[in-house]
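K.L.:
File structure.cif below, mmCIF, C-alpha atoms:
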data_work
#
loop_
_atom_site.group_PDB
_atom_site.id
_atom_site.type_symbol
_atom_site.label_atom_id
_atom_site.label_comp_id
_atom_site.auth_asym_id
_atom_site.auth_seq_id
_atom_site.Cartn_x
_atom_site.Cartn_y
_atom_site.Cartn_z
ATOM 1 C CA MET A 1 87.706 33.654 -10.130
ATOM 2 C CA SER A 2 88.003 31.547 -7.011
ATOM 3 C CA THR A 3 85.267 30.755 -4.556
ATOM 4 C CA THR A 4 85.817 30.276 -0.874
ATOM 5 C CA HIS A 5 84.041 27.559 1.014
ATOM 6 C CA CYS A 6 83.207 27.863 4.669
ATOM 7 C CA SER A 7 81.588 25.334 6.957
ATOM 8 C CA LYS A 8 78.487 27.543 7.315
ATOM 9 C CA CYS A 9 78.044 27.759 3.534
ATOM 10 C CA ALA A 10 78.463 24.006 3.107
ATOM 11 C CA SER A 11 76.017 23.166 5.877
ATOM 12 C CA ALA A 12 73.473 25.640 4.538
ATOM 13 C CA THR A 13 73.434 23.948 1.137
ATOM 14 C CA ALA A 14 73.580 20.360 2.446
ATOM 15 C CA LYS A 15 70.377 18.365 2.088
ATOM 16 C CA PRO A 16 68.622 17.167 5.238
ATOM 17 C CA PRO A 17 68.980 13.352 5.541
ATOM 18 C CA LEU A 18 65.256 12.729 5.015
ATOM 19 C CA LEU A 19 65.441 14.512 1.655
ATOM 20 C CA THR A 20 68.133 12.106 0.497
ATOM 21 C CA LEU A 21 65.693 9.204 0.717
ATOM 22 C CA PRO A 22 63.879 8.268 -2.486
ATOM 23 C CA LEU A 23 60.472 9.891 -2.902
ATOM 24 C CA GLU A 24 58.815 6.466 -2.733
ATOM 25 C CA LEU A 25 60.168 5.930 0.801
ATOM 26 C CA GLN A 26 59.156 9.429 1.860
ATOM 27 C CA LEU A 27 55.628 8.757 0.639
ATOM 28 C CA LEU A 28 55.547 5.527 2.676
ATOM 29 C CA ILE A 29 56.647 7.342 5.860
ATOM 30 C CA LEU A 30 54.432 10.439 5.699
ATOM 31 C CA PRO A 31 51.002 8.796 6.202
ATOM 32 C CA HIS A 32 52.144 7.399 9.562
ATOM 33 C CA LEU A 33 52.848 10.814 11.087
ATOM 34 C CA PRO A 34 50.336 12.215 13.571
ATOM 35 C CA TYR A 35 49.139 15.761 12.928
ATOM 36 C CA PRO A 36 51.696 17.663 15.075
ATOM 37 C CA ASP A 37 54.627 15.780 13.523
ATOM 38 C CA ALA A 38 53.267 16.222 9.997
ATOM 39 C CA LEU A 39 52.795 19.942 10.626
ATOM 40 C CA ALA A 40 56.335 20.296 11.988
ATOM 41 C CA LEU A 41 57.794 18.402 9.013
ATOM 42 C CA LYS A 42 55.724 20.472 6.600
ATOM 43 C CA HIS A 43 57.407 23.634 7.876
ATOM 44 C CA THR A 44 60.998 22.343 7.742
ATOM 45 C CA HIS A 45 61.547 22.479 3.974
ATOM 46 C CA THR A 46 59.684 23.640 0.871
ATOM 47 C CA HIS A 47 59.794 20.082 -0.515
ATOM 48 C CA PHE A 48 57.817 18.827 2.485
ATOM 49 C CA TYR A 49 55.543 21.874 2.513
ATOM 50 C CA ASN A 50 54.290 20.803 -0.908
ATOM 51 C CA LEU A 51 54.302 17.068 -0.099
ATOM 52 C CA VAL A 52 52.774 16.813 3.399
ATOM 53 C CA ASP A 53 49.009 17.121 3.597
ATOM 54 C CA THR A 54 47.679 18.259 6.984
ATOM 55 C CA ASN A 55 44.043 17.919 6.030
ATOM 56 C CA VAL A 56 40.916 17.807 8.191
ATOM 57 C CA ARG A 57 40.997 14.006 8.305
ATOM 58 C CA LEU A 58 44.489 14.042 9.878
ATOM 59 C CA LYS A 59 43.455 16.694 12.442
ATOM 60 C CA VAL A 60 40.348 14.742 13.446
ATOM 61 C CA ALA A 61 42.302 11.468 13.678
ATOM 62 C CA TRP A 62 44.803 13.150 16.025
ATOM 63 C CA LEU A 63 42.038 14.583 18.219
ATOM 64 C CA LEU A 64 40.247 11.213 18.383
ATOM 65 C CA GLU A 65 43.494 9.428 19.263
ATOM 66 C CA ARG A 66 44.043 11.875 22.122
ATOM 67 C CA LYS A 67 40.471 11.326 23.321
ATOM 68 C CA THR A 68 40.863 7.516 23.348
ATOM 69 C CA ARG A 69 44.088 7.898 25.377
ATOM 70 C CA HIS A 70 42.326 10.243 27.835
ATOM 71 C CA LEU A 71 44.681 13.101 27.017
ATOM 72 C CA GLU A 72 43.730 16.775 27.010
ATOM 73 C CA GLY A 73 41.925 18.125 23.970
ATOM 74 C CA PRO A 74 40.545 21.494 22.951
ATOM 75 C CA GLN A 75 37.463 22.503 24.926
ATOM 76 C CA GLU A 76 36.032 24.653 22.154
ATOM 77 C CA LYS A 77 34.859 23.872 18.657
ATOM 78 C CA CYS A 78 37.901 23.579 16.390
ATOM 79 C CA VAL A 79 38.293 25.621 13.246
ATOM 80 C CA MET A 80 39.609 23.143 10.656
ATOM 81 C CA ARG A 81 39.916 25.558 7.730
ATOM 82 C CA THR A 82 43.709 26.064 7.914
ATOM 83 C CA ASP A 83 46.572 24.930 10.133
ATOM 84 C CA ALA A 84 46.907 28.434 11.578
ATOM 85 C CA ALA A 85 43.184 28.591 12.412
ATOM 86 C CA PHE A 86 43.277 25.094 13.936
ATOM 87 C CA CYS A 87 46.308 25.888 16.115
ATOM 88 C CA SER A 88 44.677 29.139 17.264
ATOM 89 C CA THR A 89 41.523 27.334 18.418
ATOM 90 C CA GLY A 90 40.491 28.359 21.914
ATOM 91 C CA GLY A 91 43.034 31.147 22.195
ATOM 92 C CA GLY A 92 45.894 28.892 21.093
ATOM 93 C CA GLN A 93 44.798 25.884 23.145
ATOM 94 C CA VAL A 94 45.764 23.411 20.401
ATOM 95 C CA ARG A 95 49.169 25.102 20.060
ATOM 96 C CA ARG A 96 49.718 24.796 23.833
ATOM 97 C CA ILE A 97 48.735 21.102 23.747
ATOM 98 C CA MET A 98 51.260 20.489 20.956
ATOM 99 C CA GLU A 99 54.017 22.307 22.897
ATOM 100 C CA THR A 100 53.276 20.236 26.014
ATOM 101 C CA ARG A 101 53.346 17.084 23.875
ATOM 102 C CA ARG A 102 56.683 18.063 22.324
ATOM 103 C CA ALA A 103 58.194 18.544 25.807
ATOM 104 C CA HIS A 104 56.789 15.144 26.913
ATOM 105 C CA GLY A 105 54.867 17.040 29.581
ATOM 106 C CA GLU A 106 51.913 14.656 29.434
ATOM 107 C CA CYS A 107 53.827 11.391 29.542
ATOM 108 C CA ARG A 108 52.656 8.872 32.099
ATOM 109 C CA ALA A 109 54.489 5.984 33.652
ATOM 110 C CA GLY A 110 53.540 2.681 32.114
ATOM 111 C CA GLU A 111 54.684 -0.397 30.298
ATOM 112 C CA GLY A 112 53.761 0.986 26.877
ATOM 113 C CA GLY A 113 56.225 3.834 27.094
ATOM 114 C CA CYS A 114 55.112 7.369 26.436
ATOM 115 C CA GLU A 115 51.377 7.966 26.078
ATOM 116 C CA VAL A 116 51.978 10.869 23.701
ATOM 117 C CA VAL A 117 54.621 9.529 21.349
ATOM 118 C CA ILE A 118 53.246 6.027 20.959
ATOM 119 C CA GLY A 119 55.797 3.291 21.459
ATOM 120 C CA ALA A 120 58.573 5.620 22.611
ATOM 121 C CA THR A 121 59.844 5.626 26.145
ATOM 122 C CA CYS A 122 60.526 8.691 28.185
ATOM 123 C CA ARG A 123 61.499 7.058 31.447
ATOM 124 C CA GLY A 124 58.075 6.728 32.963
ATOM 125 C CA GLY A 125 56.555 10.148 33.208
ATOM 126 C CA ARG A 126 59.463 12.571 33.051
ATOM 127 C CA GLY A 127 57.419 15.674 32.576
ATOM 128 C CA VAL A 128 58.389 19.303 32.327
ATOM 129 C CA GLY A 129 60.580 20.367 35.241
ATOM 130 C CA LYS A 130 61.328 16.916 36.684
ATOM 131 C CA GLY A 131 64.767 16.792 35.056
ATOM 132 C CA ARG A 132 65.765 19.910 36.998
ATOM 133 C CA ALA A 133 64.727 18.302 40.277
ATOM 134 C CA VAL A 134 66.926 15.278 39.509
ATOM 135 C CA ALA A 135 69.852 17.582 38.672
ATOM 136 C CA ARG A 136 69.417 19.458 41.990
ATOM 137 C CA LEU A 137 69.377 16.194 43.941
ATOM 138 C CA TRP A 138 72.472 14.984 42.101
ATOM 139 C CA ARG A 139 74.338 18.251 42.832
ATOM 140 C CA LYS A 140 73.530 17.869 46.537
ATOM 141 C CA ARG A 141 75.060 14.383 46.598
ATOM 142 C CA VAL A 142 78.169 14.786 44.445
ATOM 143 C CA GLY A 143 78.829 18.518 44.535
ATOM 144 C CA ARG A 144 78.357 21.299 42.006
ATOM 145 C CA PHE A 145 81.783 20.972 40.306
ATOM 146 C CA GLU A 146 81.601 17.201 39.892
ATOM 147 C CA ALA A 147 78.033 17.436 38.553
ATOM 148 C CA SER A 148 79.069 20.107 36.021
ATOM 149 C CA LEU A 149 82.075 18.067 34.957
ATOM 150 C CA ALA A 150 79.996 14.891 34.556
ATOM 151 C CA MET A 151 77.320 16.739 32.567
ATOM 152 C CA GLY A 152 80.011 18.177 30.288
ATOM 153 C CA VAL A 153 81.476 14.717 29.671
ATOM 154 C CA ILE A 154 78.010 13.268 29.016
ATOM 155 C CA GLY A 155 77.303 16.137 26.594
ATOM 156 C CA LEU A 156 80.523 15.448 24.706
ATOM 157 C CA LEU A 157 79.735 11.731 24.512
ATOM 158 C CA VAL A 158 76.255 12.442 23.153
ATOM 159 C CA MET A 159 77.619 14.900 20.575
ATOM 160 C CA SER A 160 80.247 12.364 19.520
ATOM 161 C CA PHE A 161 77.612 9.642 19.179
ATOM 162 C CA VAL A 162 75.346 11.889 17.085
ATOM 163 C CA ALA A 163 78.261 12.908 14.840
ATOM 164 C CA ASN A 164 79.267 9.274 14.310
ATOM 165 C CA LEU A 165 75.666 8.277 13.643
ATOM 166 C CA SER A 166 75.295 11.099 11.131
ATOM 167 C CA PHE A 167 78.529 10.023 9.408
ATOM 168 C CA ALA A 168 77.381 6.389 9.299
ATOM 169 C CA ILE A 169 74.009 7.367 7.785
ATOM 170 C CA ARG A 170 75.695 9.499 5.121
ATOM 171 C CA LEU A 171 78.125 6.690 4.352
ATOM 172 C CA TYR A 172 75.279 4.176 4.073
ATOM 173 C CA LEU A 173 73.204 6.447 1.836
ATOM 174 C CA THR A 174 76.089 7.140 -0.552
ATOM 175 C CA ARG A 175 76.712 3.460 -1.295
#
Can you present the structure in this file as structure tokens?

P.N.:
Amino acid sequence: MSTTHCSKCASATAKPPLLTLPLELQLLILPHLPYPDALALKHTHTHFYNLVDTNVRLKVAWLLERKTRHLEGPQEKCVMRTDAAFCSTGGGQVRRIMETRRAHGECRAGEGGCEVVIGATCRGGRGVGKGRAVARLWRKRVGRFEASLAMGVIGLLVMSFVANLSFAIRLYLTR
């Protein structure tokens, strides 16, 4: 009895790179995640669902961090009982804040990089919608065809870089 292998089947059974790290390293990384990142990781794989703890202390620390950075926070009393109840606070206000954060919609220009993802840079306040304005301006200057061609080439370069990086990580981890 022969089995056929397809690329979809192989990719479905492949382990995510973070799972290939030893548990000790995973346990060193997890405490440094802010609440939204911990919650997202928790829902990516059953291993992390059982490993990541999104407790009240983590939720409060995230809210306090946002307050000290003068970023938006929920206006109503938060329900800390479960993640679903917390994200539904104020008619989904916490969920909306996390979506805006994920899109870098609250980033401000500054030397410290992004105000939301501490230490990262997002080109000084590129919020939601500003990338489209840049693309429109670029199309006006170089033409629609040239802009599409350049974006396609840039996309291919990025995909090639990510593929090579993924290959290098796998190679390094299999040593």

K.L.:
Would you work out the distance separating CA of Leu27 in chain A from CA of Ala61 in chain A, expressed in Å to one decimal?

P.N.:
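A separation of 18.8 Å between them.
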
K.L.:
Range 83-89 of chain A: which residues within 9 Å, counting all atoms listed in the file, same-chain residues fewer than 6 positions away excluded, as a PyMOL selection string?

P.N.:
chain A and resi 39+54-55+59+74+76-77+95-96+98

K.L.:
How many Å lie between CA of Leu19 in chain A and CA of Val162 in chain A, rounded to one decimal?

P.N.:
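Spanning CA of Leu19 in chain A to CA of Val162 in chain A is a straight-line distance of 18.5 Å.
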
K.L.:
Of the candidates A:Glu65, A:Lys42, A:Ala168, A:His70, which one gets nearest to Cys107 in chain A if we count only C-alpha atoms?

P.N.:
A:His70

K.L.:
What residues come out when you apply the PyMOL selection byres ((chain A and resi 52) around 7) to this file, written as a ChimeraX atom specification?

P.N.:
/A:30,38,42,48-51,53-54

K.L.:
Take the residues from that selection and write them out as a PDB file, in the coordinates of the input, keeping C-alpha atoms.

P.N.:
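Below is the file out.pdb, written as the result:
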ATOM      1  CA  LEU A  30      54.432  10.439   5.699  1.00  0.00           C
ATOM      2  CA  ALA A  38      53.267  16.222   9.997  1.00  0.00           C
ATOM      3  CA  LYS A  42      55.724  20.472   6.600  1.00  0.00           C
ATOM      4  CA  PHE A  48      57.817  18.827   2.485  1.00  0.00           C
ATOM      5  CA  TYR A  49      55.543  21.874   2.513  1.00  0.00           C
ATOM      6  CA  ASN A  50      54.290  20.803  -0.908  1.00  0.00           C
ATOM      7  CA  LEU A  51      54.302  17.068  -0.099  1.00  0.00           C
ATOM      8  CA  ASP A  53      49.009  17.121   3.597  1.00  0.00           C
ATOM      9  CA  THR A  54      47.679  18.259   6.984  1.00  0.00           C
TER      10      THR A  54
END

K.L.:
Considering only C-alpha atoms, state which residue in the set A:Glu106, A:Phe167, A:Phe161, A:Gly155 is at the smallest distance from Arg69 in chain A.

P.N.:
A:Glu106

K.L.:
Go ahead and fit an axis-aligned box to every listed atom of range 76-87 of chain A plus 4 Å each side, and pass me the centre and edge lengths in Å, one decimal, as AutoDock Vina command-line options.

P.N.:
--center_x 40.9 --center_y 25.9 --center_z 14.9 --size_x 20.0 --size_y 13.4 --size_z 22.4

K.L.:
My list of candidates is A:Arg81, A:Leu41, A:Ala14, A:Ile169. Which is closest to Gln26 in chain A when distances are computed with only C-alpha atoms?

P.N.:
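Closest to Gln26 in chain A, using only C-alpha atoms: A:Leu41.
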
K.L.:
What is the CA of Ile29 in chain A-CA of Val60 in chain A distance in Å, reported with one decimal?

P.N.:
19.4 Å
